[in-house]
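Coordinates from upload.pdb are shown below (PDB, C-alpha atoms (C1' of nucleotides)).
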```pdb
ATOM      1  CA  MET A   1       0.000   0.000   0.000
ATOM      2  CA  LEU A   2       1.287   3.403  -0.896
ATOM      3  CA  ARG A   3       1.682   5.560   2.145
ATOM      4  CA  THR A   4       2.141   9.267   1.649
ATOM      5  CA  THR A   5       4.140  10.950   4.367
ATOM      6  CA  LEU A   6       2.101  13.647   5.989
ATOM      7  CA  GLU A   7       4.411  16.375   7.164
ATOM      8  CA  ILE A   8       3.504  17.720  10.560
ATOM      9  CA  ASP A   9       3.247  21.311   9.389
ATOM     10  CA  HIS A  10       0.888  20.358   6.593
ATOM     11  CA  ALA A  11      -1.122  18.262   9.016
ATOM     12  CA  SER A  12      -1.483  21.133  11.464
ATOM     13  CA  THR A  13      -2.684  23.382   8.648
ATOM     14  CA  ILE A  14      -5.390  20.889   7.717
ATOM     15  CA  LEU A  15      -6.359  20.377  11.352
ATOM     16  CA  LYS A  16      -6.625  24.101  11.908
ATOM     17  CA  LEU A  17      -8.988  24.304   8.960
ATOM     18  CA  LEU A  18     -11.110  21.500  10.382
ATOM     19  CA  GLY A  19     -10.934  22.998  13.841
ATOM     20  CA  ASP A  20     -13.940  25.140  13.145
ATOM     21  CA  GLN A  21     -17.408  23.739  13.623
ATOM     22  CA  THR A  22     -18.809  25.262  10.456
ATOM     23  CA  ARG A  23     -16.000  24.060   8.206
ATOM     24  CA  LEU A  24     -15.865  20.651   9.840
ATOM     25  CA  THR A  25     -19.592  20.172   9.271
ATOM     26  CA  ILE A  26     -19.257  21.375   5.687
ATOM     27  CA  MET A  27     -16.518  18.799   5.057
ATOM     28  CA  LYS A  28     -18.659  16.088   6.595
ATOM     29  CA  LEU A  29     -21.567  17.059   4.354
ATOM     30  CA  VAL A  30     -19.637  17.363   1.108
ATOM     31  CA  ASP A  31     -17.974  14.039   1.737
ATOM     32  CA  ASP A  32     -21.039  12.414   0.229
ATOM     33  CA  HIS A  33     -23.173  15.283  -1.002
ATOM     34  CA  THR A  34     -22.867  18.148  -3.392
ATOM     35  CA  CYS A  35     -24.104  21.325  -1.803
ATOM     36  CA  CYS A  36     -24.489  24.919  -2.825
ATOM     37  CA  VAL A  37     -23.681  27.994  -0.804
ATOM     38  CA  CYS A  38     -27.302  28.872  -0.168
ATOM     39  CA  GLU A  39     -27.827  25.541   1.571
ATOM     40  CA  PHE A  40     -24.980  26.172   3.942
ATOM     41  CA  VAL A  41     -26.342  29.615   4.672
ATOM     42  CA  GLU A  42     -29.646  28.009   5.576
ATOM     43  CA  ILE A  43     -28.068  25.234   7.628
ATOM     44  CA  PHE A  44     -25.689  27.324   9.676
ATOM     45  CA  GLN A  45     -27.913  30.357  10.026
ATOM     46  CA  VAL A  46     -25.074  32.616   9.208
ATOM     47  CA  SER A  47     -24.565  35.303   6.559
ATOM     48  CA  GLN A  48     -23.826  34.362   2.955
ATOM     49  CA  PRO A  49     -20.405  36.067   2.929
ATOM     50  CA  SER A  50     -19.455  34.131   6.024
ATOM     51  CA  ILE A  51     -20.110  30.848   4.221
ATOM     52  CA  SER A  52     -18.314  32.090   1.113
ATOM     53  CA  GLN A  53     -15.258  32.772   3.235
ATOM     54  CA  HIS A  54     -15.348  29.349   4.852
ATOM     55  CA  VAL A  55     -15.629  27.478   1.569
ATOM     56  CA  ARG A  56     -12.921  29.661   0.103
ATOM     57  CA  LYS A  57     -10.515  28.510   2.791
ATOM     58  CA  LEU A  58     -11.382  24.917   2.060
ATOM     59  CA  LYS A  59     -11.019  25.534  -1.657
ATOM     60  CA  ASP A  60      -7.683  27.316  -1.248
ATOM     61  CA  VAL A  61      -6.065  24.178   0.153
ATOM     62  CA  GLY A  62      -7.902  22.055  -2.387
ATOM     63  CA  LEU A  63     -10.167  20.134  -0.031
ATOM     64  CA  VAL A  64     -13.294  21.047  -1.934
ATOM     65  CA  HIS A  65     -14.116  21.248  -5.569
ATOM     66  CA  GLU A  66     -16.137  24.100  -7.008
ATOM     67  CA  GLU A  67     -18.560  23.712  -9.864
ATOM     68  CA  ARG A  68     -20.770  26.377 -11.274
ATOM     69  CA  LYS A  69     -24.187  25.363 -12.545
ATOM     70  CA  GLY A  70     -25.992  28.402 -13.798
ATOM     71  CA  GLN A  71     -26.289  30.899 -11.020
ATOM     72  CA  TRP A  72     -25.403  28.382  -8.360
ATOM     73  CA  VAL A  73     -22.011  27.253  -7.241
ATOM     74  CA  PHE A  74     -21.819  23.709  -5.966
ATOM     75  CA  TYR A  75     -19.186  22.359  -3.660
ATOM     76  CA  SER A  76     -18.105  18.778  -3.223
ATOM     77  CA  ALA A  77     -15.200  16.991  -1.615
ATOM     78  CA  ASN A  78     -12.086  16.901  -3.740
ATOM     79  CA  LYS A  79     -11.117  13.324  -3.075
ATOM     80  CA  GLU A  80      -8.141  13.621  -5.390
ATOM     81  CA  ASN A  81      -6.417  15.910  -2.914
ATOM     82  CA  VAL A  82      -3.239  14.543  -1.331
ATOM     83  CA  TYR A  83      -4.574  15.297   2.108
ATOM     84  CA  TYR A  84      -7.988  13.831   1.551
ATOM     85  CA  PRO A  85      -7.246  10.416   3.076
ATOM     86  CA  PHE A  86      -6.224  12.266   6.228
ATOM     87  CA  VAL A  87      -9.391  14.351   6.203
ATOM     88  CA  GLN A  88     -11.488  11.311   5.485
ATOM     89  CA  SER A  89     -10.043   9.398   8.424
ATOM     90  CA  ILE A  90     -11.173  12.253  10.622
ATOM     91  CA  ILE A  91     -14.644  12.887   9.312
ATOM     92  CA  ASP A  92     -15.370   9.175   9.189
ATOM     93  CA  GLN A  93     -15.369   9.298  12.963
ATOM     94  CA  LEU A  94     -18.047  11.977  13.085
ATOM     95  CA  PRO A  95     -21.769  11.313  13.211
ATOM     96  CA  SER A  96     -23.676  11.858   9.980
ATOM     97  CA  GLN A  97     -24.933  15.392   9.475
ATOM     98  CA  ASP A  98     -27.425  14.350   6.824
ATOM     99  CA  GLN A  99     -30.359  15.334   9.003
ATOM    100  CA  LYS A 100     -29.381  18.931   8.311
ATOM    101  CA  LEU A 101     -29.966  18.389   4.585
ATOM    102  CA  LYS A 102     -33.130  16.412   5.254
ATOM    103  CA  LYS A 103     -34.462  19.311   7.235
ATOM    104  CA  LEU A 104     -33.896  21.597   4.264
ATOM    105  CA  GLU A 105     -35.742  19.198   1.987
ATOM    106  CA  GLU A 106     -38.691  19.129   4.367
ATOM    107  CA  GLN A 107     -38.739  22.902   4.358
ATOM    108  CA  GLY A 108     -38.502  22.853   0.572
ATOM    109  CA  THR A 109     -35.372  24.992   0.869
ATOM    110  CA  ARG A 110     -33.274  22.531  -1.053
ATOM    111  CA  ILE A 111     -35.332  22.677  -4.239
ATOM    112  CA  SER A 112     -33.009  25.162  -5.873
ATOM    113  CA  CYS A 113     -30.117  22.796  -5.643
ATOM    114  CA  ASN A 114     -31.465  19.837  -7.580
TER     115      ASN A 114
ATOM    116  CA  MET B 115     -16.977  -3.013  19.623
ATOM    117  CA  LEU B 116     -18.008  -0.039  21.686
ATOM    118  CA  ARG B 117     -18.132   3.079  19.589
ATOM    119  CA  THR B 118     -18.307   6.407  21.359
ATOM    120  CA  THR B 119     -20.153   9.052  19.426
ATOM    121  CA  LEU B 120     -17.950  12.029  18.834
ATOM    122  CA  GLU B 121     -20.081  15.129  18.708
ATOM    123  CA  ILE B 122     -19.037  17.504  15.982
ATOM    124  CA  ASP B 123     -18.565  20.432  18.330
ATOM    125  CA  HIS B 124     -16.306  18.417  20.589
ATOM    126  CA  ALA B 125     -14.396  17.168  17.577
ATOM    127  CA  SER B 126     -13.836  20.683  16.280
ATOM    128  CA  THR B 127     -12.531  21.729  19.686
ATOM    129  CA  ILE B 128      -9.998  18.899  19.655
ATOM    130  CA  LEU B 129      -9.009  19.616  16.059
ATOM    131  CA  LYS B 130      -8.514  23.285  16.840
ATOM    132  CA  LEU B 131      -6.158  22.296  19.645
ATOM    133  CA  LEU B 132      -4.219  20.026  17.299
ATOM    134  CA  GLY B 133      -4.271  22.654  14.582
ATOM    135  CA  ASP B 134      -1.130  24.210  15.941
ATOM    136  CA  GLN B 135       2.237  22.831  14.971
ATOM    137  CA  THR B 136       3.722  23.065  18.450
ATOM    138  CA  ARG B 137       0.807  21.351  20.173
ATOM    139  CA  LEU B 138       0.477  18.737  17.453
ATOM    140  CA  THR B 139       4.150  17.843  17.781
ATOM    141  CA  ILE B 140       3.865  17.739  21.563
ATOM    142  CA  MET B 141       0.960  15.306  21.301
ATOM    143  CA  LYS B 142       2.931  13.160  18.876
ATOM    144  CA  LEU B 143       5.876  13.097  21.276
ATOM    145  CA  VAL B 144       3.942  12.383  24.468
ATOM    146  CA  ASP B 145       2.068   9.600  22.738
ATOM    147  CA  ASP B 146       5.010   7.344  23.540
ATOM    148  CA  HIS B 147       7.307   9.474  25.663
ATOM    149  CA  THR B 148       7.171  11.337  28.913
ATOM    150  CA  CYS B 149       8.626  14.790  28.499
ATOM    151  CA  CYS B 150       9.235  17.759  30.684
ATOM    152  CA  VAL B 151       8.663  21.396  29.877
ATOM    153  CA  CYS B 152      12.356  22.207  29.524
ATOM    154  CA  GLU B 153      12.665  19.663  26.719
ATOM    155  CA  PHE B 154       9.868  21.257  24.765
ATOM    156  CA  VAL B 155      11.460  24.644  25.267
ATOM    157  CA  GLU B 156      14.673  23.242  23.813
ATOM    158  CA  ILE B 157      12.923  21.474  20.951
ATOM    159  CA  PHE B 158      10.703  24.290  19.796
ATOM    160  CA  GLN B 159      13.144  27.096  20.489
ATOM    161  CA  VAL B 160      10.434  29.131  22.090
ATOM    162  CA  SER B 161      10.083  30.735  25.510
ATOM    163  CA  GLN B 162       9.251  28.659  28.564
ATOM    164  CA  PRO B 163       5.951  30.473  29.228
ATOM    165  CA  SER B 164       4.902  29.779  25.656
ATOM    166  CA  ILE B 165       5.331  26.043  26.214
ATOM    167  CA  SER B 166       3.580  26.255  29.573
ATOM    168  CA  GLN B 167       0.614  27.826  27.856
ATOM    169  CA  HIS B 168       0.472  25.183  25.154
ATOM    170  CA  VAL B 169       0.592  22.265  27.579
ATOM    171  CA  ARG B 170      -1.972  23.995  29.750
ATOM    172  CA  LYS B 171      -4.428  23.997  26.859
ATOM    173  CA  LEU B 172      -3.800  20.314  26.286
ATOM    174  CA  LYS B 173      -4.160  19.634  29.995
ATOM    175  CA  ASP B 174      -7.370  21.662  30.270
ATOM    176  CA  VAL B 175      -9.157  19.323  27.887
ATOM    177  CA  GLY B 176      -7.506  16.325  29.521
ATOM    178  CA  LEU B 177      -5.356  15.188  26.612
ATOM    179  CA  VAL B 178      -2.184  15.181  28.671
ATOM    180  CA  HIS B 179      -1.393  14.062  32.157
ATOM    181  CA  GLU B 180       0.800  16.098  34.471
ATOM    182  CA  GLU B 181       3.177  14.576  36.956
ATOM    183  CA  ARG B 182       5.566  16.435  39.172
ATOM    184  CA  LYS B 183       8.901  14.831  39.968
ATOM    185  CA  GLY B 184      10.898  17.123  42.128
ATOM    186  CA  GLN B 185      11.352  20.408  40.420
ATOM    187  CA  TRP B 186      10.337  19.032  37.049
ATOM    188  CA  VAL B 187       6.881  18.586  35.679
ATOM    189  CA  PHE B 188       6.457  15.726  33.253
ATOM    190  CA  TYR B 189       3.761  15.429  30.668
ATOM    191  CA  SER B 190       2.461  12.309  29.026
ATOM    192  CA  ALA B 191      -0.546  11.391  26.922
ATOM    193  CA  ASN B 192      -3.680  10.780  28.929
ATOM    194  CA  LYS B 193      -4.876   7.709  27.078
ATOM    195  CA  GLU B 194      -7.854   7.388  29.378
ATOM    196  CA  ASN B 195      -9.395  10.496  27.903
ATOM    197  CA  VAL B 196     -12.644   9.969  25.970
ATOM    198  CA  TYR B 197     -11.229  11.780  22.990
ATOM    199  CA  TYR B 198      -7.919  10.003  22.973
ATOM    200  CA  PRO B 199      -8.854   7.385  20.350
ATOM    201  CA  PHE B 200      -9.729  10.267  18.055
ATOM    202  CA  VAL B 201      -6.434  12.000  18.769
ATOM    203  CA  GLN B 202      -4.567   8.754  18.357
ATOM    204  CA  SER B 203      -6.090   8.086  14.954
ATOM    205  CA  ILE B 204      -4.751  11.449  13.867
ATOM    206  CA  ILE B 205      -1.250  11.365  15.279
ATOM    207  CA  ASP B 206      -0.771   7.793  14.085
ATOM    208  CA  GLN B 207      -0.727   9.234  10.591
ATOM    209  CA  LEU B 208       2.116  11.596  11.372
ATOM    210  CA  PRO B 209       5.788  10.775  10.970
ATOM    211  CA  SER B 210       7.696  10.047  14.165
ATOM    212  CA  GLN B 211       9.165  13.082  15.856
ATOM    213  CA  ASP B 212      11.567  11.036  17.937
ATOM    214  CA  GLN B 213      14.587  12.513  16.187
ATOM    215  CA  LYS B 214      13.829  15.709  18.095
ATOM    216  CA  LEU B 215      14.346  13.885  21.386
ATOM    217  CA  LYS B 216      17.385  12.054  20.033
ATOM    218  CA  LYS B 217      18.918  15.366  19.151
ATOM    219  CA  LEU B 218      18.464  16.521  22.748
ATOM    220  CA  GLU B 219      20.140  13.392  24.015
ATOM    221  CA  GLU B 220      23.083  13.956  21.718
ATOM    222  CA  GLN B 221      23.363  17.475  23.040
ATOM    223  CA  GLY B 222      23.093  16.119  26.576
ATOM    224  CA  THR B 223      20.129  18.416  27.091
ATOM    225  CA  ARG B 224      17.865  15.592  28.030
ATOM    226  CA  ILE B 225      19.864  14.446  31.034
ATOM    227  CA  SER B 226      17.732  16.380  33.475
ATOM    228  CA  CYS B 227      14.671  14.457  32.514
ATOM    229  CA  ASN B 228      15.757  10.931  33.264
TER     230      ASN B 228
ATOM    231  C1'  DT C 229      17.291  29.961  55.861
ATOM    232  C1'  DG C 230      18.913  31.543  51.391
ATOM    233  C1'  DC C 231      19.904  30.727  46.706
ATOM    234  C1'  DA C 232      19.376  28.277  42.341
ATOM    235  C1'  DT C 233      16.371  25.851  39.162
ATOM    236  C1'  DA C 234      11.959  24.600  36.921
ATOM    237  C1'  DT C 235       7.484  25.856  35.982
ATOM    238  C1'  DA C 236       3.175  28.753  36.157
ATOM    239  C1'  DT C 237       0.766  32.965  35.858
ATOM    240  C1'  DA C 238      -0.062  37.913  34.662
ATOM    241  C1'  DG C 239      -0.074  41.458  31.511
ATOM    242  C1'  DG C 240       0.841  43.479  27.119
ATOM    243  C1'  DC C 241       1.038  43.387  22.165
ATOM    244  C1'  DA C 242       0.821  42.169  17.217
ATOM    245  C1'  DT C 243      -1.575  39.376  14.270
ATOM    246  C1'  DA C 244      -5.250  36.044  13.009
ATOM    247  C1'  DT C 245      -9.962  34.812  12.907
ATOM    248  C1'  DG C 246     -14.822  34.973  12.125
ATOM    249  C1'  DC C 247     -18.486  37.705  11.697
ATOM    250  C1'  DT C 248     -21.080  41.621   9.799
ATOM    251  C1'  DT C 249     -22.713  45.149   6.132
ATOM    252  C1'  DA C 250     -21.958  47.135   1.670
ATOM    253  C1'  DT C 251     -20.825  46.385  -2.877
ATOM    254  C1'  DA C 252     -19.093  43.918  -7.047
ATOM    255  C1'  DT C 253     -19.527  40.059 -10.159
ATOM    256  C1'  DT C 254     -21.848  36.534 -12.733
ATOM    257  C1'  DA C 255     -25.759  34.270 -14.630
ATOM    258  C1'  DT C 256     -30.921  34.021 -15.561
ATOM    259  C1'  DT C 257     -34.887  35.692 -17.445
ATOM    260  C1'  DA C 258     -38.564  38.955 -18.702
TER     261       DA C 258
ATOM    262  C1'  DT D 259     -31.337  45.578 -21.950
ATOM    263  C1'  DA D 260     -33.057  45.838 -17.229
ATOM    264  C1'  DA D 261     -34.275  43.440 -13.133
ATOM    265  C1'  DT D 262     -33.558  39.556 -10.166
ATOM    266  C1'  DA D 263     -30.865  36.009  -7.909
ATOM    267  C1'  DA D 264     -26.655  33.664  -6.254
ATOM    268  C1'  DT D 265     -22.146  34.201  -4.993
ATOM    269  C1'  DA D 266     -17.675  36.675  -4.180
ATOM    270  C1'  DT D 267     -15.012  40.351  -2.499
ATOM    271  C1'  DA D 268     -13.944  44.494   0.389
ATOM    272  C1'  DA D 269     -13.774  46.773   4.591
ATOM    273  C1'  DG D 270     -14.529  47.178   9.377
ATOM    274  C1'  DC D 271     -14.820  45.375  13.965
ATOM    275  C1'  DA D 272     -14.707  42.498  18.203
ATOM    276  C1'  DT D 273     -12.557  38.722  19.979
ATOM    277  C1'  DA D 274      -9.101  34.954  19.967
ATOM    278  C1'  DT D 275      -4.504  33.460  19.578
ATOM    279  C1'  DG D 276       0.345  33.009  20.314
ATOM    280  C1'  DC D 277       4.184  35.118  21.618
ATOM    281  C1'  DC D 278       7.030  37.897  24.742
ATOM    282  C1'  DT D 279       8.808  39.938  29.363
ATOM    283  C1'  DA D 280       8.209  40.286  34.201
ATOM    284  C1'  DT D 281       7.002  38.075  38.197
ATOM    285  C1'  DA D 282       5.136  34.483  41.301
ATOM    286  C1'  DT D 283       5.313  29.797  42.989
ATOM    287  C1'  DA D 284       7.389  25.396  44.075
ATOM    288  C1'  DT D 285      11.203  22.355  44.851
ATOM    289  C1'  DG D 286      16.104  21.044  45.891
ATOM    290  C1'  DC D 287      20.105  21.818  48.197
ATOM    291  C1'  DA D 288      24.081  24.201  50.564
TER     292       DA D 288
END
```

Write-out of the structure in structure tokens:
Amino acid sequence: MLRTTLEIDHASTILKLLGDQTRLTIMKLVDDHTCCVCEFVEIFQVSQPSISQHVRKLKDVGLVHEERKGQWVFYSANKENVYYPFVQSIIDQLPSQDQKLKKLEEQGTRISCN
Amino acid sequence: MLRTTLEIDHASTILKLLGDQTRLTIMKLVDDHTCCVCEFVEIFQVSQPSISQHVRKLKDVGLVHEERKGQWVFYSANKENVYYPFVQSIIDQLPSQDQKLKKLEEQGTRISCN
DNA sequence: TGCATATATAGGCATATGCTTATATTATTA
DNA sequence: TAATAATATAAGCATATGCCTATATATGCA
């Protein structure tokens, strides 16, 4: 098995990124969902620029992948990233956050993103 | 197998703590070594109060165990902590930092701590 | 007891972080 | 083209963080 060496300074950078409840939850969600900014705004009850800044940080280190579809921008996990196995090993230990998306569907707030 | 649920807010707190290169390295070292403050000062080339503050944060959440031996205070991983399996899964992916301790031994700086 | 050594705490400071509002950009549609 | 909608960026602000120096506390030993 190929084992990439994870330098400690790179690791601490990733951990710092995940050491924020909003970003950690986003990573957990995009691990098996594709979500748009407006959904995160709804889920976290925070301003749209705040979410934009969080996803930007994740995008800057390449943990998420951005895809524009019309007026929406969708984010998903970039599983090709060198550090993704590390991230995955962490978020795998977290409880599913899918109920947050389900709640949006029930409210009909997720319509825009399908 | 018993599986403790790791709440996402607790997880982000732990990750934030580990999201600092000094603290992450300390955790990696104390995972299989018992170290005193003066060693960390030597290793990280940072002031003694700075190290004291870092280990205090780790101690406050119970990740490290403090033990006074004479005038020295030794720190080791508190593997009884509920979050330790989570921490362990992370630091297990990091390269050994033992060469930092070896270097101290070569310099004779680690004498005090045996 | 007095001095040296190791560590902890207090206080100050520069920078980082996360949020907000205001505004710019990009795409959709009438 | 103009209006609307989604997102990004800019700027400002309050708080957090990590470091330092100065000082307090605790222990060992002459």

Same-sequence superposition of chain A onto chain B, all C-alpha, as a compact mmCIF listing (two decimals) with C-alpha atoms, in the frame of the given file:
```txt
# COMPACT_ATOMS: atom_id res chain seq x y z
CA MET A 1 -16.81 -2.97 19.71
CA LEU A 2 -17.88 -0.01 21.75
CA ARG A 3 -18.11 3.09 19.65
CA THR A 4 -18.33 6.42 21.41
CA THR A 5 -20.18 9.06 19.48
CA LEU A 6 -17.95 12.02 18.86
CA GLU A 7 -20.07 15.13 18.74
CA ILE A 8 -19.04 17.51 16.01
CA ASP A 9 -18.56 20.44 18.35
CA HIS A 10 -16.30 18.43 20.61
CA ALA A 11 -14.40 17.18 17.59
CA SER A 12 -13.83 20.69 16.28
CA THR A 13 -12.51 21.74 19.69
CA ILE A 14 -9.99 18.91 19.66
CA LEU A 15 -9.02 19.63 16.06
CA LYS A 16 -8.50 23.29 16.83
CA LEU A 17 -6.16 22.30 19.63
CA LEU A 18 -4.21 20.03 17.30
CA GLY A 19 -4.25 22.65 14.58
CA ASP A 20 -1.12 24.21 15.93
CA GLN A 21 2.25 22.84 14.95
CA THR A 22 3.72 23.07 18.43
CA ARG A 23 0.81 21.35 20.16
CA LEU A 24 0.47 18.74 17.44
CA THR A 25 4.15 17.85 17.76
CA ILE A 26 3.86 17.75 21.54
CA MET A 27 0.95 15.30 21.28
CA LYS A 28 2.93 13.16 18.86
CA LEU A 29 5.87 13.10 21.26
CA VAL A 30 3.93 12.38 24.44
CA ASP A 31 2.06 9.60 22.72
CA ASP A 32 5.00 7.36 23.52
CA HIS A 33 7.30 9.47 25.65
CA THR A 34 7.16 11.34 28.89
CA CYS A 35 8.62 14.79 28.48
CA CYS A 36 9.23 17.77 30.69
CA VAL A 37 8.65 21.40 29.87
CA CYS A 38 12.32 22.21 29.53
CA GLU A 39 12.65 19.66 26.74
CA PHE A 40 9.87 21.26 24.77
CA VAL A 41 11.46 24.65 25.26
CA GLU A 42 14.66 23.24 23.81
CA ILE A 43 12.93 21.46 20.95
CA PHE A 44 10.71 24.28 19.78
CA GLN A 45 13.13 27.10 20.48
CA VAL A 46 10.44 29.11 22.07
CA SER A 47 10.08 30.74 25.49
CA GLN A 48 9.25 28.65 28.56
CA PRO A 49 5.95 30.46 29.22
CA SER A 50 4.90 29.79 25.66
CA ILE A 51 5.32 26.05 26.20
CA SER A 52 3.58 26.25 29.57
CA GLN A 53 0.60 27.82 27.86
CA HIS A 54 0.48 25.17 25.15
CA VAL A 55 0.60 22.27 27.57
CA ARG A 56 -1.97 23.97 29.74
CA LYS A 57 -4.42 23.99 26.86
CA LEU A 58 -3.80 20.32 26.28
CA LYS A 59 -4.16 19.63 29.99
CA ASP A 60 -7.37 21.65 30.27
CA VAL A 61 -9.17 19.31 27.89
CA GLY A 62 -7.50 16.32 29.50
CA LEU A 63 -5.35 15.20 26.60
CA VAL A 64 -2.19 15.18 28.66
CA HIS A 65 -1.39 14.06 32.12
CA GLU A 66 0.80 16.09 34.44
CA GLU A 67 3.16 14.58 36.95
CA ARG A 68 5.53 16.44 39.16
CA LYS A 69 8.86 14.82 39.96
CA GLY A 70 10.85 17.11 42.16
CA GLN A 71 11.34 20.40 40.42
CA TRP A 72 10.31 19.02 37.07
CA VAL A 73 6.87 18.58 35.67
CA PHE A 74 6.45 15.72 33.25
CA TYR A 75 3.76 15.43 30.65
CA SER A 76 2.45 12.30 29.01
CA ALA A 77 -0.55 11.38 26.92
CA ASN A 78 -3.68 10.76 28.93
CA LYS A 79 -4.88 7.71 27.07
CA GLU A 80 -7.85 7.37 29.39
CA ASN A 81 -9.40 10.49 27.88
CA VAL A 82 -12.64 9.96 25.97
CA TYR A 83 -11.22 11.78 22.99
CA TYR A 84 -7.92 9.99 22.95
CA PRO A 85 -8.87 7.38 20.35
CA PHE A 86 -9.74 10.27 18.05
CA VAL A 87 -6.44 12.00 18.75
CA GLN A 88 -4.55 8.77 18.34
CA SER A 89 -6.09 8.10 14.94
CA ILE A 90 -4.75 11.46 13.86
CA ILE A 91 -1.26 11.37 15.26
CA ASP A 92 -0.78 7.81 14.07
CA GLN A 93 -0.74 9.24 10.58
CA LEU A 94 2.11 11.61 11.36
CA PRO A 95 5.78 10.79 10.96
CA SER A 96 7.69 10.05 14.15
CA GLN A 97 9.17 13.10 15.84
CA ASP A 98 11.56 11.04 17.93
CA GLN A 99 14.58 12.53 16.19
CA LYS A 100 13.83 15.72 18.10
CA LEU A 101 14.34 13.88 21.40
CA LYS A 102 17.37 12.06 20.04
CA LYS A 103 18.91 15.37 19.17
CA LEU A 104 18.47 16.51 22.76
CA GLU A 105 20.13 13.36 24.03
CA GLU A 106 23.09 13.93 21.74
CA GLN A 107 23.39 17.45 23.06
CA GLY A 108 23.11 16.10 26.59
CA THR A 109 20.13 18.41 27.10
CA ARG A 110 17.86 15.58 28.08
CA ILE A 111 19.89 14.47 31.09
CA SER A 112 17.72 16.38 33.51
CA CYS A 113 14.68 14.44 32.51
CA ASN A 114 15.81 10.91 33.28
```

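Once the PyMOL selection byres ((chain B) within 8 of (chain D)) is applied to this file, the selection holds B:Ser161, B:Ser164, B:Gly184, B:Gln185.
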
Could you turn the residues from that selection into a file that holds C-alpha atoms, as a compact mmCIF listing (two decimals), in the coordinates of the input?
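Okay, this is what ended up in result31.txt:
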```txt
# COMPACT_ATOMS: atom_id res chain seq x y z
CA SER B 161 10.08 30.74 25.51
CA SER B 164 4.90 29.78 25.66
CA GLY B 184 10.90 17.12 42.13
CA GLN B 185 11.35 20.41 40.42
```

Dump as JSON lines the rows for residues of chain A within 6 Å of chain B: closest atom pair and distance in Å with one decimal, only C-alpha atoms counted, ordered by chain and rising residue number.
```
{"residue": "A:Leu6", "atom": "CA", "partner": "B:Leu208", "partner_atom": "CA", "distance": 5.8}
{"residue": "A:Asp9", "atom": "CA", "partner": "B:Gln135", "partner_atom": "CA", "distance": 5.9}
{"residue": "A:Ser12", "atom": "CA", "partner": "B:Gly133", "partner_atom": "CA", "distance": 4.5}
{"residue": "A:Leu15", "atom": "CA", "partner": "B:Gly133", "partner_atom": "CA", "distance": 4.5}
{"residue": "A:Lys16", "atom": "CA", "partner": "B:Gly133", "partner_atom": "CA", "distance": 3.8}
{"residue": "A:Gly19", "atom": "CA", "partner": "B:Lys130", "partner_atom": "CA", "distance": 3.9}
{"residue": "A:Asp20", "atom": "CA", "partner": "B:Ser126", "partner_atom": "CA", "distance": 5.5}
{"residue": "A:Gln21", "atom": "CA", "partner": "B:Ser126", "partner_atom": "CA", "distance": 5.4}
{"residue": "A:Leu94", "atom": "CA", "partner": "B:Leu120", "partner_atom": "CA", "distance": 5.8}
```

Tell me which residues the PyMOL selection byres ((chain C) within 10 of (chain B)) grabs here, as a ChimeraX atom specification. /C:233-237

Distance of atom CA of Met27 of chain A from atom CA of Glu106 of chain A, expressed in Å to one decimal place: 22.2 Å

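The gap separating atom CA of Asp206 of chain B from atom CA of Val178 of chain B is 16.4 Å, in Å to one decimal.
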
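Across the model, the gap from atom CA of Gln45 of chain A to atom CA of Glu105 of chain A is 15.8 Å.
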
Will you give me segment 10-35 of chain A, written with C-alpha atoms and laid out as a short mmCIF file (atom, residue, chain, number, x, y, z; two decimals), in the first residue's frame?
```cif
data_model
loop_
_atom_site.label_atom_id
_atom_site.label_comp_id
_atom_site.auth_asym_id
_atom_site.auth_seq_id
_atom_site.Cartn_x
_atom_site.Cartn_y
_atom_site.Cartn_z
CA HIS A 10 0.89 20.36 6.59
CA ALA A 11 -1.12 18.26 9.02
CA SER A 12 -1.48 21.13 11.46
CA THR A 13 -2.68 23.38 8.65
CA ILE A 14 -5.39 20.89 7.72
CA LEU A 15 -6.36 20.38 11.35
CA LYS A 16 -6.62 24.10 11.91
CA LEU A 17 -8.99 24.30 8.96
CA LEU A 18 -11.11 21.50 10.38
CA GLY A 19 -10.93 23.00 13.84
CA ASP A 20 -13.94 25.14 13.14
CA GLN A 21 -17.41 23.74 13.62
CA THR A 22 -18.81 25.26 10.46
CA ARG A 23 -16.00 24.06 8.21
CA LEU A 24 -15.87 20.65 9.84
CA THR A 25 -19.59 20.17 9.27
CA ILE A 26 -19.26 21.37 5.69
CA MET A 27 -16.52 18.80 5.06
CA LYS A 28 -18.66 16.09 6.59
CA LEU A 29 -21.57 17.06 4.35
CA VAL A 30 -19.64 17.36 1.11
CA ASP A 31 -17.97 14.04 1.74
CA ASP A 32 -21.04 12.41 0.23
CA HIS A 33 -23.17 15.28 -1.00
CA THR A 34 -22.87 18.15 -3.39
CA CYS A 35 -24.10 21.33 -1.80
#
```
